[in-house]
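Shown next: run.txt, given as compact mmCIF, C-alpha atoms.
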```
# COMPACT_ATOMS: atom_id res chain seq x y z
CA MET A 371 -5.17 57.31 -36.07
CA SER A 372 -7.24 60.26 -34.81
CA GLY A 373 -9.64 59.77 -37.70
CA ILE A 374 -10.25 56.16 -36.71
CA LEU A 375 -10.81 57.11 -33.08
CA LYS A 376 -13.15 59.93 -34.01
CA HIS A 377 -15.14 57.74 -36.38
CA ASP A 378 -15.52 55.02 -33.75
CA ALA A 379 -16.49 57.59 -31.14
CA GLN A 380 -19.35 58.69 -33.37
CA LEU A 381 -20.47 55.12 -34.03
CA THR A 382 -20.41 53.98 -30.42
CA GLY A 383 -21.84 57.25 -29.16
CA ALA A 384 -24.86 56.82 -31.40
CA ALA A 385 -25.54 53.25 -30.33
CA GLU A 386 -24.59 53.34 -26.67
CA PHE A 387 -27.70 54.91 -25.27
CA ASP A 388 -30.26 53.03 -27.35
CA PRO A 389 -32.46 51.08 -24.96
CA PRO A 390 -30.85 47.63 -24.88
CA LYS A 391 -32.74 44.46 -24.30
CA ALA A 392 -32.44 43.60 -20.63
CA HIS A 393 -29.95 40.91 -19.66
CA GLU A 394 -29.96 40.71 -15.92
CA PHE A 395 -27.02 38.34 -15.73
CA ALA A 396 -24.91 40.81 -17.71
CA ALA A 397 -25.82 43.74 -15.51
CA ALA A 398 -25.03 41.82 -12.32
CA GLU A 399 -21.99 42.87 -10.34
CA PRO A 400 -19.04 40.76 -11.57
CA GLY A 401 -17.44 38.49 -9.02
CA ALA A 402 -13.91 37.44 -8.16
CA ILE A 403 -14.11 34.27 -10.26
CA GLU A 404 -14.97 36.27 -13.37
CA GLY A 405 -12.18 38.74 -12.66
CA ALA A 406 -9.66 35.94 -12.14
CA LEU A 407 -10.66 34.24 -15.40
CA LEU A 408 -10.33 37.51 -17.33
CA VAL A 409 -6.89 38.03 -15.81
CA MET A 410 -5.89 34.50 -16.84
CA THR A 411 -6.89 35.10 -20.47
CA CYS A 412 -3.93 37.46 -20.68
CA TRP A 413 -1.59 34.68 -19.52
CA CYS A 414 -1.81 33.36 -23.07
CA THR A 415 0.70 36.06 -24.00
CA VAL A 416 3.24 34.74 -21.50
CA LEU A 417 2.81 31.11 -22.52
CA ALA A 418 3.08 31.94 -26.23
CA SER A 419 6.79 32.71 -25.85
CA GLY A 420 7.86 31.79 -22.32
CA VAL A 421 7.54 28.01 -22.46
CA LEU A 422 9.51 27.84 -25.73
CA SER A 423 12.38 30.18 -24.83
CA PRO A 424 14.50 27.56 -22.98
CA VAL A 425 14.31 25.10 -25.91
CA LEU A 426 15.13 27.58 -28.68
CA PRO A 427 18.79 26.44 -28.74
CA GLN A 428 17.55 22.83 -29.12
CA VAL A 429 15.29 23.85 -31.98
CA ALA A 430 18.23 25.64 -33.61
CA HIS A 431 20.37 22.50 -33.25
CA ARG A 432 17.60 20.30 -34.70
CA PHE A 433 17.36 22.44 -37.84
CA ALA A 434 21.02 23.50 -38.01
CA TYR A 435 21.28 22.18 -41.58
CA MET A 436 18.83 24.81 -42.84
CA PRO A 437 20.05 28.20 -44.10
CA HIS A 438 19.29 31.20 -41.89
CA VAL A 439 18.38 28.89 -39.03
CA GLU A 440 18.68 31.66 -36.42
CA LEU A 441 16.08 33.73 -38.23
CA LEU A 442 13.78 30.72 -38.60
CA VAL A 443 14.03 29.93 -34.89
CA GLY A 444 13.30 33.57 -34.18
CA LEU A 445 10.14 33.24 -36.29
CA VAL A 446 9.06 30.21 -34.26
CA ALA A 447 9.35 32.35 -31.13
CA THR A 448 7.83 35.54 -32.50
CA MET A 449 5.35 34.57 -35.23
CA PRO A 450 2.50 34.94 -32.68
CA ALA A 451 3.71 38.48 -32.02
CA LEU A 452 3.63 39.29 -35.74
CA MET A 453 0.07 38.04 -36.08
CA VAL A 454 -1.05 39.98 -33.01
CA SER A 455 0.58 43.10 -34.45
CA LEU A 456 -1.27 42.70 -37.74
CA SER A 457 -4.62 41.66 -36.29
CA ALA A 458 -4.89 43.71 -33.07
CA ILE A 459 -6.90 46.62 -34.48
CA PRO A 460 -9.16 44.47 -36.73
CA THR A 461 -9.73 42.12 -33.79
CA GLY A 462 -10.83 45.03 -31.61
CA TRP A 463 -13.21 46.15 -34.33
CA LEU A 464 -14.58 42.61 -34.65
CA ALA A 465 -15.06 42.30 -30.89
CA ASP A 466 -17.04 45.54 -30.82
CA ARG A 467 -19.47 44.15 -33.36
CA LEU A 468 -19.69 40.45 -32.48
CA GLY A 469 -19.32 40.92 -28.74
CA HIS A 470 -16.14 40.73 -26.66
CA ARG A 471 -17.33 37.59 -24.90
CA ASN A 472 -17.97 35.68 -28.16
CA VAL A 473 -14.61 36.66 -29.64
CA LEU A 474 -12.88 35.66 -26.38
CA PHE A 475 -14.26 32.12 -26.55
CA GLY A 476 -13.28 31.68 -30.19
CA ALA A 477 -9.81 33.06 -29.49
CA LEU A 478 -9.16 30.63 -26.63
CA LEU A 479 -10.20 27.69 -28.81
CA LEU A 480 -7.98 28.80 -31.71
CA TYR A 481 -5.05 29.47 -29.39
CA GLY A 482 -5.28 26.06 -27.72
CA ILE A 483 -5.57 24.01 -30.89
CA GLY A 484 -2.92 25.98 -32.79
CA GLY A 485 -0.54 25.76 -29.85
CA ILE A 486 -0.74 21.99 -29.39
CA VAL A 487 -0.46 20.90 -33.05
CA PRO A 488 3.36 21.49 -33.34
CA PHE A 489 3.86 18.69 -30.80
CA TRP A 490 3.34 16.28 -33.72
CA LEU A 491 5.18 18.29 -36.41
CA GLN A 492 8.73 17.79 -37.68
CA ASP A 493 8.87 20.57 -40.30
CA ILE A 494 9.91 24.01 -39.08
CA TRP A 495 7.78 25.80 -41.68
CA GLY A 496 4.73 23.86 -40.51
CA ILE A 497 5.50 24.88 -36.94
CA ILE A 498 5.82 28.52 -37.97
CA ALA A 499 2.46 28.30 -39.79
CA THR A 500 0.64 26.94 -36.72
CA ARG A 501 2.27 29.61 -34.59
CA ALA A 502 0.45 32.16 -36.76
CA PHE A 503 -2.88 30.75 -35.54
CA VAL A 504 -1.59 30.98 -31.97
CA GLY A 505 -1.02 34.68 -32.61
CA LEU A 506 -4.57 35.23 -33.87
CA GLY A 507 -5.94 33.54 -30.77
CA GLU A 508 -3.57 35.47 -28.55
CA ALA A 509 -4.74 38.79 -30.02
CA GLY A 510 -8.37 37.95 -29.39
CA ALA A 511 -7.77 36.75 -25.83
CA MET A 512 -5.64 39.72 -24.82
CA ILE A 513 -7.81 42.45 -26.33
CA THR A 514 -11.17 41.08 -25.21
CA GLY A 515 -9.87 40.10 -21.76
CA THR A 516 -8.55 43.62 -21.13
CA ALA A 517 -11.67 45.25 -22.60
CA LEU A 518 -14.00 43.11 -20.49
CA ILE A 519 -12.10 44.07 -17.33
CA GLY A 520 -12.57 47.72 -18.29
CA LEU A 521 -16.25 47.31 -19.10
CA ARG A 522 -17.36 44.86 -16.41
CA PHE A 523 -15.55 46.42 -13.44
CA GLN A 524 -15.68 49.96 -12.13
CA GLY A 525 -13.44 52.36 -10.25
CA ALA A 526 -10.87 50.90 -7.88
CA ARG A 527 -11.90 47.32 -8.66
CA ARG A 528 -11.10 47.87 -12.31
CA GLY A 529 -7.69 49.27 -11.40
CA ARG A 530 -6.89 46.31 -9.16
CA TRP A 531 -7.81 43.78 -11.81
CA LEU A 532 -5.74 45.59 -14.46
CA ALA A 533 -2.76 45.64 -12.09
CA ALA A 534 -3.31 41.95 -11.34
CA GLN A 535 -3.32 41.25 -15.06
CA ILE A 536 0.19 42.61 -15.50
CA ALA A 537 1.67 41.44 -12.20
CA THR A 538 0.43 37.86 -12.45
CA SER A 539 1.53 37.62 -16.07
CA ASN A 540 5.07 38.49 -15.07
CA ILE A 541 4.98 36.11 -12.11
CA LEU A 542 3.69 33.38 -14.40
CA GLY A 543 6.61 34.16 -16.68
CA ILE A 544 8.95 32.74 -14.04
CA PHE A 545 7.06 29.45 -13.89
CA ALA A 546 6.60 29.33 -17.68
CA LEU A 547 10.35 29.53 -18.21
CA GLN A 548 10.95 26.87 -15.58
CA LEU A 549 8.23 24.66 -17.04
CA GLY A 550 9.59 25.05 -20.55
CA GLY A 551 13.10 24.25 -19.38
CA PHE A 552 12.15 21.03 -17.58
CA LEU A 553 9.77 19.89 -20.33
CA GLY A 554 12.61 20.49 -22.76
CA LEU A 555 14.67 17.86 -20.95
CA LEU A 556 12.22 15.29 -22.33
CA ASP A 557 12.14 16.64 -25.88
CA TRP A 558 11.98 20.01 -27.58
CA HIS A 559 8.43 19.17 -28.73
CA THR A 560 7.09 18.67 -25.21
CA PRO A 561 6.64 22.36 -24.21
CA PHE A 562 3.95 22.71 -26.89
CA LEU A 563 1.64 20.64 -24.70
CA ALA A 564 1.48 23.58 -22.27
CA TYR A 565 -0.96 25.29 -24.65
CA THR A 566 -3.73 23.00 -23.37
CA PHE A 567 -4.06 25.73 -20.72
CA ALA A 568 -6.27 27.74 -23.10
CA LEU A 569 -8.66 24.84 -23.59
CA LEU A 570 -8.86 24.25 -19.84
CA LEU A 571 -9.56 27.97 -19.33
CA LEU A 572 -12.30 27.97 -21.96
CA ALA A 573 -14.62 25.63 -20.04
CA PRO A 574 -15.18 27.74 -16.89
CA SER A 575 -15.13 30.97 -18.93
CA LEU A 576 -18.21 29.83 -20.85
CA TYR A 577 -20.16 29.90 -17.59
CA PHE A 578 -18.61 32.61 -15.42
CA VAL A 579 -17.63 35.34 -17.94
CA LYS A 580 -20.67 37.50 -18.74
CA PRO A 581 -21.16 40.05 -21.54
CA PRO A 582 -20.84 43.70 -20.53
CA SER A 583 -24.05 45.58 -19.85
CA GLN A 584 -24.66 48.36 -22.37
CA THR A 585 -25.95 50.60 -19.62
CA ALA A 586 -22.75 50.07 -17.64
CA LYS A 587 -20.40 51.25 -20.35
CA PRO A 588 -20.50 54.96 -19.53
CA THR A 589 -19.06 54.25 -16.06
CA VAL A 590 -15.68 53.47 -17.59
CA ASN A 591 -13.65 56.64 -17.05
CA ALA A 592 -16.88 58.47 -16.20
CA ASN A 593 -15.04 60.41 -13.50
CA LEU A 594 -12.76 62.02 -16.09
CA PRO A 595 -13.57 65.09 -18.20
CA SER A 596 -14.44 64.58 -21.84
CA MET A 597 -11.43 64.45 -24.15
CA PRO A 598 -11.55 65.29 -27.87
CA ALA A 599 -10.75 62.45 -30.26
CA THR A 600 -7.57 64.20 -31.44
CA SER A 601 -6.29 64.49 -27.86
CA ALA A 602 -7.09 60.83 -27.19
CA ALA A 603 -5.15 59.89 -30.32
CA LYS A 604 -2.16 61.98 -29.21
CA VAL A 605 -2.12 60.43 -25.74
CA THR A 606 -2.42 56.93 -27.24
CA ALA A 607 0.43 57.57 -29.68
CA ILE A 608 2.83 58.87 -27.01
CA LEU A 609 2.12 56.08 -24.53
CA CYS A 610 2.28 53.40 -27.23
CA GLY A 611 5.62 54.75 -28.44
CA MET A 612 7.15 54.28 -25.01
CA GLU A 613 5.49 50.87 -24.79
CA VAL A 614 7.31 49.78 -27.97
CA VAL A 615 10.67 50.46 -26.30
CA GLY A 616 9.71 48.67 -23.10
CA ILE A 617 8.44 45.54 -24.84
CA PHE A 618 11.50 45.36 -27.12
CA ALA A 619 13.64 45.34 -23.98
CA MET A 620 11.40 42.72 -22.35
CA PHE A 621 11.81 40.36 -25.28
CA THR A 622 15.53 40.88 -25.29
CA ILE A 623 15.36 39.27 -21.85
CA ILE A 624 13.02 36.47 -22.93
CA ILE A 625 14.57 35.53 -26.29
CA GLN A 626 18.14 36.78 -26.61
CA MET A 627 19.35 35.96 -23.12
CA ALA A 628 18.81 32.22 -23.71
CA PHE A 629 21.77 32.19 -26.10
CA LEU A 630 23.92 34.33 -23.81
CA PHE A 631 23.32 32.02 -20.83
CA GLN A 632 24.38 29.12 -23.02
CA GLN A 633 27.67 30.93 -23.67
CA ARG A 634 28.16 31.60 -19.97
CA GLY A 635 27.89 28.14 -18.47
CA ALA A 636 24.30 26.88 -18.84
CA MET A 637 24.59 23.15 -19.45
CA ASN A 638 21.02 22.39 -20.59
CA SER A 639 17.57 23.90 -21.11
CA ALA A 640 16.80 23.68 -17.37
CA ASP A 641 19.85 25.83 -16.55
CA ILE A 642 18.78 28.30 -19.22
CA GLY A 643 15.28 28.40 -17.73
CA ILE A 644 16.69 29.15 -14.27
CA GLY A 645 18.81 31.97 -15.65
CA LEU A 646 15.92 33.47 -17.58
CA SER A 647 13.72 33.23 -14.50
CA CYS A 648 16.00 35.80 -12.84
CA GLY A 649 14.90 38.31 -15.47
CA ALA A 650 11.29 37.16 -15.14
CA ALA A 651 11.47 37.60 -11.36
CA GLY A 652 12.68 41.15 -11.93
CA LEU A 653 9.81 41.79 -14.33
CA ALA A 654 7.28 40.48 -11.82
CA THR A 655 8.76 42.47 -8.95
CA GLY A 656 8.85 45.63 -11.03
CA ALA A 657 5.23 45.24 -12.15
CA THR A 658 4.07 44.61 -8.58
CA SER A 659 6.07 47.58 -7.31
CA SER A 660 4.61 49.83 -10.01
CA GLY A 661 1.12 49.04 -8.73
CA ALA A 662 2.16 49.59 -5.10
CA LEU A 663 3.74 52.93 -6.05
CA ALA A 664 0.67 54.12 -7.94
CA GLN A 665 0.63 57.34 -5.93
CA ILE A 666 3.87 58.32 -7.67
CA ASP A 667 3.41 60.09 -11.00
CA TRP A 668 3.31 57.71 -14.00
CA LEU A 669 6.00 59.66 -15.84
CA TRP A 670 8.45 59.40 -12.92
CA ARG A 671 7.84 55.67 -12.64
CA THR A 672 8.49 55.30 -16.36
CA MET A 673 11.66 57.39 -16.22
CA ILE A 674 13.08 55.44 -13.25
CA GLY A 675 12.16 52.17 -14.96
CA PHE A 676 14.07 53.06 -18.13
CA LEU A 677 17.12 54.14 -16.13
CA LEU A 678 17.17 50.92 -14.08
CA ALA A 679 16.65 48.78 -17.18
CA GLY A 680 19.52 50.52 -18.95
CA ALA A 681 21.82 49.99 -15.97
CA GLY A 682 20.84 46.32 -15.82
CA PHE A 683 21.50 45.66 -19.51
CA LEU A 684 24.87 47.39 -19.27
CA GLY A 685 25.65 45.17 -16.30
CA VAL A 686 24.79 42.09 -18.36
CA ALA A 687 27.24 43.26 -21.03
CA PHE A 688 30.14 43.76 -18.61
CA VAL A 689 29.85 40.72 -16.29
CA SER A 690 30.89 37.25 -17.37
CA GLY A 691 29.66 34.62 -14.89
CA TYR A 692 26.35 32.73 -14.99
CA TRP A 693 24.99 34.01 -11.68
CA ALA A 694 26.33 37.54 -12.15
CA THR A 695 24.49 37.61 -15.47
CA GLY A 696 21.31 36.49 -13.72
CA ALA A 697 21.64 39.20 -11.06
CA THR A 698 22.12 42.05 -13.52
CA LEU A 699 19.35 40.65 -15.71
CA ALA A 700 17.02 40.82 -12.69
CA LEU A 701 17.76 44.55 -12.40
CA ALA A 702 16.99 45.06 -16.09
CA GLY A 703 13.76 43.12 -15.68
CA PHE A 704 12.78 45.19 -12.65
CA GLY A 705 13.17 48.40 -14.65
CA VAL A 706 11.12 47.13 -17.58
CA GLY A 707 8.47 45.76 -15.22
CA LEU A 708 8.17 49.14 -13.55
CA THR A 709 7.33 50.96 -16.79
CA VAL A 710 4.68 48.83 -18.49
CA PRO A 711 1.94 48.96 -15.78
CA ALA A 712 2.43 52.71 -15.41
CA LEU A 713 1.87 53.22 -19.13
CA LEU A 714 -1.18 50.92 -19.32
CA ASN A 715 -2.84 52.45 -16.26
CA ALA A 716 -2.28 55.91 -17.73
CA LEU A 717 -3.91 54.87 -21.00
CA VAL A 718 -6.98 53.27 -19.40
CA ALA A 719 -7.40 56.19 -17.00
CA VAL A 720 -7.36 59.01 -19.53
CA VAL A 721 -8.89 57.64 -22.75
CA PRO A 722 -12.71 58.09 -22.87
CA HIS A 723 -14.84 54.96 -22.74
CA HIS A 724 -16.21 55.36 -26.26
CA VAL A 725 -12.72 55.05 -27.81
CA LEU A 726 -11.16 52.78 -25.19
CA GLY A 727 -11.53 49.66 -27.35
CA ARG A 728 -9.64 51.25 -30.23
CA ALA A 729 -6.97 52.56 -27.87
CA ILE A 730 -6.47 49.05 -26.47
CA GLY A 731 -6.18 47.78 -30.04
CA PHE A 732 -3.39 50.26 -30.81
CA TRP A 733 -1.77 49.47 -27.46
CA THR A 734 -1.83 45.75 -28.25
CA ALA A 735 -0.24 46.37 -31.64
CA ALA A 736 2.45 48.45 -29.96
CA THR A 737 3.01 45.60 -27.52
CA PHE A 738 3.51 42.93 -30.17
CA ILE A 739 5.22 44.69 -33.07
CA PRO A 740 8.53 44.92 -31.17
CA GLN A 741 8.25 41.24 -30.21
CA PHE A 742 8.33 40.26 -33.87
CA LEU A 743 10.98 42.83 -34.77
CA ASN A 744 13.26 41.89 -31.87
CA PRO A 745 15.07 38.92 -33.54
CA PRO A 746 15.91 40.57 -36.90
CA ILE A 747 16.83 43.93 -35.32
CA PHE A 748 18.93 42.25 -32.65
CA LEU A 749 20.64 40.10 -35.29
CA ILE A 750 21.57 43.22 -37.28
CA LEU A 751 22.73 44.95 -34.11
CA ARG A 752 24.89 41.99 -33.11
CA GLN A 753 26.51 41.95 -36.54
CA LEU A 754 27.29 45.65 -36.21
CA VAL A 755 28.82 45.52 -32.71
CA GLY A 756 30.34 42.04 -32.90
CA THR A 757 28.99 39.97 -29.98
CA GLN A 758 25.78 39.07 -28.16
CA SER A 759 26.84 40.84 -24.96
CA ARG A 760 27.82 44.05 -26.75
CA ALA A 761 24.46 44.16 -28.51
CA ILE A 762 22.70 43.87 -25.15
CA GLY A 763 24.95 46.61 -23.79
CA PHE A 764 23.96 48.87 -26.68
CA ILE A 765 20.31 48.37 -25.75
CA GLY A 766 21.23 49.37 -22.21
CA ILE A 767 22.76 52.61 -23.46
CA PHE A 768 19.60 53.38 -25.44
CA MET A 769 17.39 52.75 -22.41
CA LEU A 770 19.57 55.01 -20.25
CA ALA A 771 19.40 57.74 -22.90
CA LEU A 772 15.61 57.53 -23.03
CA GLY A 773 15.36 57.67 -19.25
CA LEU A 774 17.58 60.76 -19.15
CA PHE A 775 15.46 62.35 -21.89
CA LEU A 776 12.32 61.86 -19.80
CA ALA A 777 14.12 63.32 -16.79
CA VAL A 778 15.14 66.44 -18.72
CA SER A 779 12.07 66.82 -20.94
CA GLY A 780 9.32 65.57 -18.64
CA LYS A 781 7.37 68.82 -18.92
CA LEU A 782 7.40 68.56 -22.72
CA VAL A 783 6.08 64.98 -22.61
CA ARG A 784 3.38 65.93 -20.12
CA LEU A 785 2.35 68.91 -22.26
CA HIS A 786 1.49 66.52 -25.09
CA THR A 787 -0.40 64.03 -22.92
CA ALA A 788 -2.95 65.15 -20.33
CA ALA A 789 -2.98 66.35 -16.77
CA THR A 790 -5.55 63.70 -15.84
CA VAL A 791 -3.07 60.91 -16.56
CA SER A 792 -0.83 61.85 -13.66
CA ALA A 793 -3.81 62.20 -11.42
CA SER A 794 -5.35 58.84 -12.30
CA ALA A 795 -2.55 56.44 -13.32
```
Would you write the structure of this file as structure tokens?
Amino acid sequence: MSGILKHDAQLTGAAEFDPPKAHEFAAAEPGAIEGALLVMTCWCTVLASGVLSPVLPQVAHRFAYMPHVELLVGLVATMPALMVSLSAIPTGWLADRLGHRNVLFGALLLYGIGGIVPFWLQDIWGIIATRAFVGLGEAGAMITGTALIGLRFQGARRGRWLAAQIATSNILGIFALQLGGFLGLLDWHTPFLAYTFALLLLAPSLYFVKPPSQTAKPTVNANLPSMPATSAAKVTAILCGMEVVGIFAMFTIIIQMAFLFQQRGAMNSADIGIGLSCGAAGLATGATSSGALAQIDWLWRTMIGFLLAGAGFLGVAFVSGYWATGATLALAGFGVGLTVPALLNALVAVVPHHVLGRAIGFWTAATFIPQFLNPPIFLILRQLVGTQSRAIGFIGIFMLALGLFLAVSGKLVRLHTAATVSASA
């Protein structure tokens, strides 16, 4: 990975300071509308899975006659994550060369069309195929939206918009689960209509979202000392590794808990949506709290988040009632929500501007690989331990162990990252 980062640093460093053709509208100070639209592009990630989670049991029942139906339903939920994982780095490369703004518009169009088509499909393999296009659009929207926030905004404004990106996505997760649950009362196809959001977002984005000014690029992380490409690669690898664990836990909440709520008294998709929204509320609260506690070291926030998430998942394993499950799930969600913003802010703060795009590409891959791997790994884990609740409890034990490792070995982790992360995250 360090070779890729170093190569890109050389390429961008050579081109960055060539006198660009003046585009006054690009150099203008970005406004609140542009920031809000860029934040909303990242909501595509929440909608890709959230609106479908409450109807996954209905989809499983519809195709119950097919072999390996649980795995197929898992693919319906996570095929976008697989495509994002595979395309994140190439998409970042493409955005650097075609322009982040152009790729963003194409991604929103692809996401919207690919998301709506399954409303008319009856074949599960056809649905899985269209979900692949949703993933390609999701990758483009997430990477270019995050990159444009980093390149268009500066200093504290950039930090606020990045925090808003994560916090609002988790808050939206609550409404997405509720929306999916109530739409599922009509038919399991109906939640696919929610993907029209991307097409509605595309129209104002064409006008309000401007391309980044070439002369403005050096202001991203300009207050930080120069970091060698190998150090940037090391920081990216460590932070992305912890991100993999956090996102795997997040999608245990989003995907696996739907089936557990069904076992514990949920009568329909709306009840499942309400139960899942407890976890989503915890995620949103944790993400918001992580931003409010930004003065606390990123590593401590991450450690506390893992410990709380582990305790919450263990609680889910040991309780039995519907509402008790929701309460302990909220604690698990709070812990996971606390970690992810801390890790992303650390990455954006410490990685130099000329390799930031590549770092975001690796970060995005680390975010989506565990989403795709969650169903098969969880299925294997459940077969090993016997039940759904025990498998979730095992995840809780792992999260607790990782949190304790960070508590004991924090100095070792910090030695391999950078002192500027704790000062800027």
List as an NGL selection string the protein and nucleic acid residues near segment 477-484 of chain A, meaning an atom at most 9 Å away when only C-alpha atoms are counted, but skip any in the same chain fewer than 2 places from it. :A and (411 or 414 or 472-475 or 486-488 or 500-511 or 565-572)
Item to check | Selected residue of minimal separation from Val689 of chain A among A:Val579, A:Ile739, A:Ile762, A:Met449, counting only C-alpha atoms | outcome: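 Among the listed residues, A:Ile762 lies closest to Val689 of chain A.
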Review point. Which neighbours of segment 515-517 of chain A fall inside 12 Å, counting all atoms listed in the file, when residues of the same chain fewer than 6 positions from it are skipped, and could you give them as a PyMOL selection string?
Key: chain A and resi 404-415+461-463+465-466+469-475+477-478+507-509+523+528-529+531-536+575+579-582+587+590+714-715+718+723-731+733-734
Might you pull out every residue within 10 Å of Gly543 of chain A, with all atoms listed in the file counted and same-chain residues fewer than 6 positions away left off, and present them as a list in words? Trp413, Thr415, Val416, Leu417, Ser419, Gly420, Val421, Ala537, Leu549, Ile624, Leu646, Ser647, Gly649, Ala650, Ala651, Leu653 and Ala654 of chain A
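When only C-alpha atoms are used to measure the gap to Asn744 of chain A, the shortest distance among A:Ile498, A:Ala602, A:Val614, A:Leu678 belongs to A:Val614.
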Exercise for review: Find the residues near Pro745 of chain A: any atom within 10 Å, counting all atoms listed in the file, skip ones fewer than 2 places away on the same chain, and give them as a PyMOL selection string.
Suggested key: chain A and resi 440-445+447-448+618+621-622+625-626+740-743+747-751
Counting all atoms listed in the file, the option among A:Ala761, A:Ala636, A:Val706, A:Leu669 closest to Met620 of chain A |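 Smallest distance to Met620 of chain A is found for A:Val706.
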Among A:Ile674, A:Val720, A:Val446, A:Ala777, Ser660 of chain A is approached most closely, using only C-alpha atoms, by A:Ile674
* Which one of A:Thr655, A:Gln753, A:Ser759, A:Thr672 sits closest to Ile541 of chain A if you count all atoms listed in the file? ->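 Of all the options, A:Thr655 lies closest to Ile541 of chain A.
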Select, from A:Gly675, A:Gly520, A:Pro574, A:Gly551, the residue with the minimum atom-to-atom distance to Ile403 of chain A, counting all atoms listed in the file.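 Of all the options, A:Pro574 lies closest to Ile403 of chain A.
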- Task: Determine, counting only C-alpha atoms, which protein, DNA and RNA residues have an atom within 12 Å of an atom of Met769 of chain A; residues of the same chain fewer than 2 positions away are not included. Present the result as a ChimeraX atom specification.
- Result: /A:612,614-620,672-684,702,705-706,709,762-767,771-776
Is there a way to complete segment 774-779 of chain A with all heavy atoms and then write that out as an mmCIF file, in the frame of the given file?
```cif
data_model
loop_
_atom_site.group_PDB
_atom_site.id
_atom_site.type_symbol
_atom_site.label_atom_id
_atom_site.label_comp_id
_atom_site.auth_asym_id
_atom_site.auth_seq_id
_atom_site.Cartn_x
_atom_site.Cartn_y
_atom_site.Cartn_z
ATOM 1 N N LEU A 774 17.044 59.410 -19.371
ATOM 2 C CA LEU A 774 17.580 60.760 -19.150
ATOM 3 C C LEU A 774 16.765 61.799 -19.929
ATOM 4 O O LEU A 774 16.558 62.920 -19.446
ATOM 5 C CB LEU A 774 19.049 60.806 -19.574
ATOM 6 C CG LEU A 774 20.018 60.009 -18.689
ATOM 7 C CD1 LEU A 774 21.414 60.006 -19.294
ATOM 8 C CD2 LEU A 774 20.046 60.586 -17.275
ATOM 9 N N PHE A 775 16.303 61.425 -21.121
ATOM 10 C CA PHE A 775 15.460 62.350 -21.890
ATOM 11 C C PHE A 775 14.172 62.659 -21.142
ATOM 12 O O PHE A 775 13.732 63.816 -21.086
ATOM 13 C CB PHE A 775 15.140 61.747 -23.260
ATOM 14 C CG PHE A 775 14.100 62.528 -24.027
ATOM 15 C CD1 PHE A 775 14.454 63.691 -24.695
ATOM 16 C CD2 PHE A 775 12.778 62.109 -24.073
ATOM 17 C CE1 PHE A 775 13.499 64.426 -25.398
ATOM 18 C CE2 PHE A 775 11.816 62.827 -24.767
ATOM 19 C CZ PHE A 775 12.182 63.992 -25.436
ATOM 20 N N LEU A 776 13.540 61.635 -20.563
ATOM 21 C CA LEU A 776 12.320 61.860 -19.800
ATOM 22 C C LEU A 776 12.593 62.714 -18.558
ATOM 23 O O LEU A 776 11.757 63.524 -18.153
ATOM 24 C CB LEU A 776 11.694 60.526 -19.387
ATOM 25 C CG LEU A 776 11.115 59.673 -20.525
ATOM 26 C CD1 LEU A 776 10.572 58.361 -19.963
ATOM 27 C CD2 LEU A 776 10.027 60.418 -21.276
ATOM 28 N N ALA A 777 13.772 62.525 -17.962
ATOM 29 C CA ALA A 777 14.120 63.320 -16.790
ATOM 30 C C ALA A 777 14.278 64.795 -17.151
ATOM 31 O O ALA A 777 13.857 65.687 -16.403
ATOM 32 C CB ALA A 777 15.402 62.794 -16.154
ATOM 33 N N VAL A 778 14.878 65.070 -18.306
ATOM 34 C CA VAL A 778 15.140 66.440 -18.720
ATOM 35 C C VAL A 778 13.918 67.075 -19.367
ATOM 36 O O VAL A 778 13.633 68.264 -19.164
ATOM 37 C CB VAL A 778 16.347 66.481 -19.695
ATOM 38 C CG1 VAL A 778 16.532 67.884 -20.260
ATOM 39 C CG2 VAL A 778 17.607 66.011 -19.003
ATOM 40 N N SER A 779 13.161 66.269 -20.130
ATOM 41 C CA SER A 779 12.070 66.820 -20.940
ATOM 42 C C SER A 779 10.701 66.355 -20.449
ATOM 43 O O SER A 779 9.758 66.255 -21.234
ATOM 44 C CB SER A 779 12.254 66.405 -22.407
ATOM 45 O OG SER A 779 13.525 66.785 -22.876
#
```
